[in-house]
Amino acid sequence: MLLNSMKVVSFCHVLQGPACTQYLGDMGADVVKIEPIEGERSRRWRGAEMPGNVSGLYLCAFRNKRLLSVDLKSPEGREIVLALIDKADVVVENFRSGVMARLGLGYEDIKKRKPDIIYASGTGWGSKGPMLARESQDLIIQARTGLMSATGNQHKEAKSVGSAIIDQHAGALLAMGIVAAYVRKLTTGEGTHVEGSLFAAGFDMQTEPLTVFMSVRPGTQILNRDPHLSTWYHHAPYGVYHCSDAEMAVSTNPLEKLAEALDSDELRGIQNVHAYEEA
């Protein structure tokens with residue numbers, strides 16, 4: 001496996017951090033997940049009903065890991081964890097800013113003990129700024145970064161994406177940063193502090209539309225579009241259409257080809273209409 005020499009100690013919960021460490025584990029890293037004595041809170045999360053009352057949130061992001069339940073507030077528990085860190089390459093955490101430092105397990109604490117450690121922090125809003133103390137969660141970030149507005153087909157009619165897309169993307173970006181830091185460590189012997197946030201991931205998810213929007217400055221009225229169209233920045237007929245017995249997703253296709261595929265005289269008649277303007 002690609003990362004079978006990497007040893008990771010994870011202090012992660014819910015999805016952003018667990019997704020990150022799962023990606024590392026999938027590539028061969030040895031991941032030890034530290035949980036409270038009573039178990040990590042996502043074990044008890046209830047969304048869609050699961051057989052045996054097992055949390056789907058927990059199951060989706062905890063494969064390829066070994067689990068250790070320990071009381072981090074006890075001296076004995078901290079010593080057990082620190083002994084694991086002494087043999088590790090990477091520490092990953094996604095608690096609110098300041099939590100790990102209060103436990104004596106922040107980056108500066110671990111760096112003093114193990115200078116070559118790669119310490120990765122996944123946060124909601126980053127490590128500084130006015131939102132630092134605020135709650136963060138996938139849905140909140142979808143709203144704050146404008147993804148909901150762009151997903152809805154009318155201005156002021158926002159619609160969320162139907163999965164925890166920000167959490168998963170943030171986890172992937174954090175894993176990518178860890179792998180880059182690991183390459184540096186193997187090359188130079190130096191550790192580093194890797195940071196990622198849901199907020200940054202929410203904007204990164206929208207690189208294409210934001211590039212177009214900031215270049216053209218069309219105003220928010222551009223979000224008003226035919227409800228069949230999936231985005232405001234792709235040309236028609238890019239979207240989802242209701243047929244008599246199914247729904248059809250139409251990607252970027254020249255209108256003349258679509259007209260021939262559907263044998264539609266109506267579509268043939270509007271082949272020369274501007275693809276971004278209402279017919």
# chains A, B, ... in the order shown; residues from 1 in each chain; ligands from 1

$ residues_around --residues "range 243-260 of chain A" --least-positions-apart "6" --cutoff "9 Å" --atoms "only C-alpha atoms" --output "VMD selection string"
chain A and resid 234 to 237 266 to 268 270 to 272 275

$ select_by_dssp --residues "range 224-267 of chain A" --states "strand (DSSP E or B)" --output "list of chain:residue names"
A:Leu229, A:Gly239, A:Val240, A:Tyr241, A:His242, A:Glu247, A:Met248, A:Ala249, A:Val250

$ closest_atom_pairs --of "range 150-246 of chain A" --to "range 128-143 of chain A" --cutoff "7 Å" --atoms "only C-alpha atoms" --output "CSV"
residue,atom,partner,partner_atom,distance
A:Ser160,CA,A:Gln142,CA,6.9
A:Ala164,CA,A:Asp138,CA,5.9
A:Ile166,CA,A:Asp138,CA,5.6
A:Asp167,CA,A:Asp138,CA,5.9
A:Leu198,CA,A:Ile141,CA,6.7
A:Phe199,CA,A:Ile141,CA,6.0
A:Gly202,CA,A:Ile141,CA,6.4

$ closest_atom_pairs --of "range 59-169 of chain A" --to "range 37-54 of chain A" --cutoff "10 Å" --atoms "only C-alpha atoms" --output "tab-separated table"
residue	atom	partner	partner_atom	distance
A:Leu59	CA	A:Val54	CA	7.7
A:Leu67	CA	A:Gly39	CA	9.7
A:Leu68	CA	A:Ile37	CA	8.7
A:Ser69	CA	A:Ile37	CA	4.9
A:Val70	CA	A:Ile37	CA	5.3
A:Asp71	CA	A:Ile37	CA	6.1
A:Leu72	CA	A:Ile37	CA	9.2

$ write_last_selection --atoms "C-alpha atoms" --output "PDB file, in the first residue's frame"
ATOM      1  CA  LEU A  59     -20.088   3.457   9.882  1.00  0.00           C
ATOM      2  CA  LEU A  67      -9.903   2.063  18.180  1.00  0.00           C
ATOM      3  CA  LEU A  68      -8.698   2.979  21.665  1.00  0.00           C
ATOM      4  CA  SER A  69     -11.033   4.381  24.328  1.00  0.00           C
ATOM      5  CA  VAL A  70      -9.224   6.495  26.911  1.00  0.00           C
ATOM      6  CA  ASP A  71      -9.888   9.337  29.350  1.00  0.00           C
ATOM      7  CA  LEU A  72      -7.723  12.181  28.055  1.00  0.00           C
TER       8      LEU A  72
END

$ closest_residue --among "A:Gly269, A:Ile222, A:Arg113, A:Cys12" --to "Lys156 in chain A" --atoms "only C-alpha atoms"
A:Ile222

$ closest_residue --among "A:Gly104, A:Gly17, A:Gly162, A:Gly126" --to "Ala61 in chain A" --atoms "only C-alpha atoms"
A:Gly17

$ residues_around --residues "Gly219 in chain A" --least-positions-apart "5" --cutoff "12 Å" --atoms "only C-alpha atoms" --output "PDB file with C-alpha atoms, in the first residue's frame"
ATOM      1  CA  HIS A 155     -32.553  34.202  -5.979  1.00  0.00           C
ATOM      2  CA  VAL A 212     -16.881  33.180 -13.462  1.00  0.00           C
ATOM      3  CA  PHE A 213     -18.901  35.331 -11.044  1.00  0.00           C
ATOM      4  CA  MET A 214     -15.952  37.445  -9.892  1.00  0.00           C
ATOM      5  CA  ASN A 224     -32.800  33.231 -11.511  1.00  0.00           C
ATOM      6  CA  TRP A 232     -26.360  29.406 -13.669  1.00  0.00           C
TER       7      TRP A 232
END

$ closest_residue --among "A:Val9, A:Ala172, A:Ile178, A:Ala150" --to "Leu105 in chain A" --atoms "only C-alpha atoms"
A:Val9

$ select_by_dssp --residues "range 28-94 of chain A" --states "helix (DSSP H, G or I)" --output "list in words"
Arg41, Ser42, Arg43, Arg44, Pro51, Gly52, Asn53, Gly56, Leu57, Tyr58, Leu59, Cys60, Pro75, Glu76, Gly77, Arg78, Glu79, Ile80, Val81, Leu82, Ala83, Leu84, Ile85 and Asp86 of chain A

$ residues_around --residues "Leu174 in chain A" --least-positions-apart "3" --cutoff "12 Å" --atoms "only C-alpha atoms" --output "MDAnalysis selection string"
chainID A and resid 16:24 91:94 118:123 167:171 177:181 193:198 200:201

$ write_last_selection --atoms "N, CA and C atoms" --output "CSV table (one decimal), in the first residue's frame"
chain,number,residue,atom,x,y,z
A,16,GLN,N,-15.6,15.3,9.2
A,16,GLN,CA,-14.5,15.9,8.6
A,16,GLN,C,-13.2,15.2,8.9
A,17,GLY,N,-12.8,15.1,10.1
A,17,GLY,CA,-11.6,14.4,10.5
A,17,GLY,C,-11.6,13.0,10.3
A,18,PRO,N,-12.7,12.3,10.7
A,18,PRO,CA,-12.8,10.8,10.4
A,18,PRO,C,-12.7,10.5,8.9
A,19,ALA,N,-13.3,11.3,8.0
A,19,ALA,CA,-13.1,11.1,6.6
A,19,ALA,C,-11.7,11.2,6.2
A,20,CYS,N,-11.0,12.2,6.7
A,20,CYS,CA,-9.6,12.4,6.4
A,20,CYS,C,-8.8,11.2,6.8
A,21,THR,N,-8.9,10.7,8.0
A,21,THR,CA,-8.1,9.6,8.4
A,21,THR,C,-8.5,8.3,7.8
A,22,GLN,N,-9.8,8.2,7.4
A,22,GLN,CA,-10.2,7.0,6.6
A,22,GLN,C,-9.5,7.0,5.3
A,23,TYR,N,-9.4,8.1,4.6
A,23,TYR,CA,-8.7,8.2,3.3
A,23,TYR,C,-7.2,7.7,3.5
A,24,LEU,N,-6.6,8.2,4.6
A,24,LEU,CA,-5.2,7.8,4.9
A,24,LEU,C,-5.2,6.3,5.1
A,91,VAL,N,-0.4,13.3,13.8
A,91,VAL,CA,-1.6,13.5,14.7
A,91,VAL,C,-2.6,14.3,14.0
A,92,VAL,N,-3.9,13.8,14.0
A,92,VAL,CA,-5.0,14.6,13.4
A,92,VAL,C,-6.1,14.8,14.4
A,93,GLU,N,-6.6,16.1,14.4
A,93,GLU,CA,-7.7,16.4,15.3
A,93,GLU,C,-8.6,17.4,14.6
A,94,ASN,N,-9.9,17.3,14.9
A,94,ASN,CA,-10.8,18.3,14.4
A,94,ASN,C,-11.8,18.8,15.4
A,118,ILE,N,4.0,15.6,12.3
A,118,ILE,CA,3.0,16.2,11.4
A,118,ILE,C,1.7,16.4,12.2
A,119,TYR,N,1.3,17.6,12.5
A,119,TYR,CA,0.1,17.8,13.3
A,119,TYR,C,-0.9,18.5,12.4
A,120,ALA,N,-2.0,17.8,12.2
A,120,ALA,CA,-3.1,18.3,11.3
A,120,ALA,C,-4.3,18.7,12.0
A,121,SER,N,-4.8,19.9,11.8
A,121,SER,CA,-6.0,20.4,12.5
A,121,SER,C,-7.1,20.7,11.4
A,122,GLY,N,-8.2,20.0,11.6
A,122,GLY,CA,-9.4,20.3,10.8
A,122,GLY,C,-10.3,21.2,11.6
A,123,THR,N,-10.7,22.4,11.1
A,123,THR,CA,-11.6,23.2,11.9
A,123,THR,C,-12.8,23.6,11.0
A,167,ASP,N,-18.1,18.4,4.4
A,167,ASP,CA,-17.4,17.6,5.3
A,167,ASP,C,-16.4,16.6,4.6
A,168,GLN,N,-17.0,15.9,3.6
A,168,GLN,CA,-16.2,15.0,2.8
A,168,GLN,C,-15.0,15.7,2.1
A,169,HIS,N,-15.3,16.8,1.4
A,169,HIS,CA,-14.3,17.5,0.7
A,169,HIS,C,-13.2,18.1,1.6
A,170,ALA,N,-13.7,18.6,2.7
A,170,ALA,CA,-12.7,19.1,3.7
A,170,ALA,C,-11.8,18.0,4.2
A,171,GLY,N,-12.3,16.8,4.4
A,171,GLY,CA,-11.5,15.7,4.8
A,171,GLY,C,-10.5,15.3,3.8
A,177,GLY,N,-3.1,17.4,2.3
A,177,GLY,CA,-2.1,18.2,3.0
A,177,GLY,C,-1.2,17.4,3.9
A,178,ILE,N,-1.8,16.4,4.5
A,178,ILE,CA,-1.0,15.5,5.3
A,178,ILE,C,0.0,14.7,4.5
A,179,VAL,N,-0.5,14.2,3.3
A,179,VAL,CA,0.4,13.4,2.5
A,179,VAL,C,1.6,14.3,2.0
A,180,ALA,N,1.3,15.5,1.6
A,180,ALA,CA,2.3,16.5,1.2
A,180,ALA,C,3.3,16.7,2.3
A,181,ALA,N,2.8,16.9,3.5
A,181,ALA,CA,3.7,17.1,4.7
A,181,ALA,C,4.6,15.8,5.0
A,193,HIS,N,2.8,21.9,10.8
A,193,HIS,CA,1.4,22.0,11.2
A,193,HIS,C,0.6,22.1,9.9
A,194,VAL,N,-0.3,21.2,9.6
A,194,VAL,CA,-1.2,21.3,8.5
A,194,VAL,C,-2.6,21.7,9.0
A,195,GLU,N,-3.2,22.7,8.3
A,195,GLU,CA,-4.5,23.2,8.7
A,195,GLU,C,-5.5,23.1,7.5
A,196,GLY,N,-6.7,22.8,7.8
A,196,GLY,CA,-7.8,22.8,6.9
A,196,GLY,C,-9.1,23.2,7.5
A,197,SER,N,-10.0,23.7,6.8
A,197,SER,CA,-11.3,24.1,7.4
A,197,SER,C,-12.5,23.8,6.5
A,198,LEU,N,-13.6,23.7,7.1
A,198,LEU,CA,-14.9,23.5,6.3
A,198,LEU,C,-15.1,24.7,5.5
A,200,ALA,N,-13.0,26.9,4.1
A,200,ALA,CA,-12.2,26.9,2.9
A,200,ALA,C,-12.6,25.9,1.9
A,201,ALA,N,-13.1,24.7,2.4
A,201,ALA,CA,-13.5,23.6,1.5
A,201,ALA,C,-14.8,24.1,0.8

$ closest_residue --among "A:Tyr182, A:Tyr58, A:Tyr241, A:Phe11" --to "Val81 in chain A" --atoms "only C-alpha atoms"
A:Phe11

$ closest_residue --among "A:Leu173, A:Val240, A:Val161, A:Met6" --to "Val90 in chain A" --atoms "only C-alpha atoms"
A:Met6

$ atom_distance --atom1 "CA of Glu35 in chain A" --atom2 "CA of Ser10 in chain A"
8.9 Å

$ decode --residues "range 111-165 of chain A" --atoms "C-alpha atoms" --output "short mmCIF file (atom, residue, chain, number, x, y, z; two decimals), in the first residue's frame"
data_model
loop_
_atom_site.label_atom_id
_atom_site.label_comp_id
_atom_site.auth_asym_id
_atom_site.auth_seq_id
_atom_site.Cartn_x
_atom_site.Cartn_y
_atom_site.Cartn_z
CA LYS A 111 6.12 19.62 18.90
CA LYS A 112 8.20 20.10 22.05
CA ARG A 113 7.98 16.39 22.77
CA LYS A 114 8.35 15.22 19.15
CA PRO A 115 9.81 17.94 16.86
CA ASP A 116 9.26 15.99 13.63
CA ILE A 117 5.53 15.44 14.18
CA ILE A 118 3.04 16.25 11.44
CA TYR A 119 0.13 17.81 13.30
CA ALA A 120 -3.06 18.27 11.26
CA SER A 121 -5.97 20.39 12.46
CA GLY A 122 -9.35 20.34 10.77
CA THR A 123 -11.56 23.24 11.88
CA GLY A 124 -14.83 24.84 10.90
CA TRP A 125 -13.69 28.41 10.30
CA GLY A 126 -9.90 28.27 10.41
CA SER A 127 -7.54 29.16 13.25
CA LYS A 128 -8.37 32.87 13.61
CA GLY A 129 -11.07 35.39 12.81
CA PRO A 130 -14.47 36.52 14.14
CA MET A 131 -16.19 33.16 13.53
CA LEU A 132 -13.70 31.17 15.59
CA ALA A 133 -16.02 30.47 18.53
CA ARG A 134 -19.07 29.78 16.38
CA GLU A 135 -20.55 26.35 15.75
CA SER A 136 -19.74 24.95 12.33
CA GLN A 137 -21.38 22.12 10.44
CA ASP A 138 -21.80 21.08 6.82
CA LEU A 139 -25.20 22.74 6.39
CA ILE A 140 -24.02 25.97 8.02
CA ILE A 141 -21.02 26.15 5.69
CA GLN A 142 -23.19 25.46 2.63
CA ALA A 143 -25.23 28.50 3.64
CA ARG A 144 -22.34 30.77 4.61
CA THR A 145 -20.29 30.17 1.46
CA GLY A 146 -23.25 30.70 -0.90
CA LEU A 147 -23.42 27.12 -2.12
CA MET A 148 -27.11 26.94 -1.17
CA SER A 149 -27.94 30.05 -3.18
CA ALA A 150 -26.14 28.71 -6.23
CA THR A 151 -27.89 25.33 -5.89
CA GLY A 152 -31.36 26.89 -5.74
CA ASN A 153 -32.76 28.02 -9.07
CA GLN A 154 -34.15 31.34 -7.89
CA HIS A 155 -32.55 34.20 -5.98
CA LYS A 156 -33.60 33.97 -2.31
CA GLU A 157 -34.76 30.36 -2.76
CA ALA A 158 -31.70 28.52 -1.46
CA LYS A 159 -31.45 24.74 -1.61
CA SER A 160 -28.92 22.56 0.17
CA VAL A 161 -26.95 19.77 -1.47
CA GLY A 162 -28.34 16.35 -0.56
CA SER A 163 -25.25 15.03 1.23
CA ALA A 164 -22.50 16.19 3.61
CA ILE A 165 -20.43 17.31 0.65
#
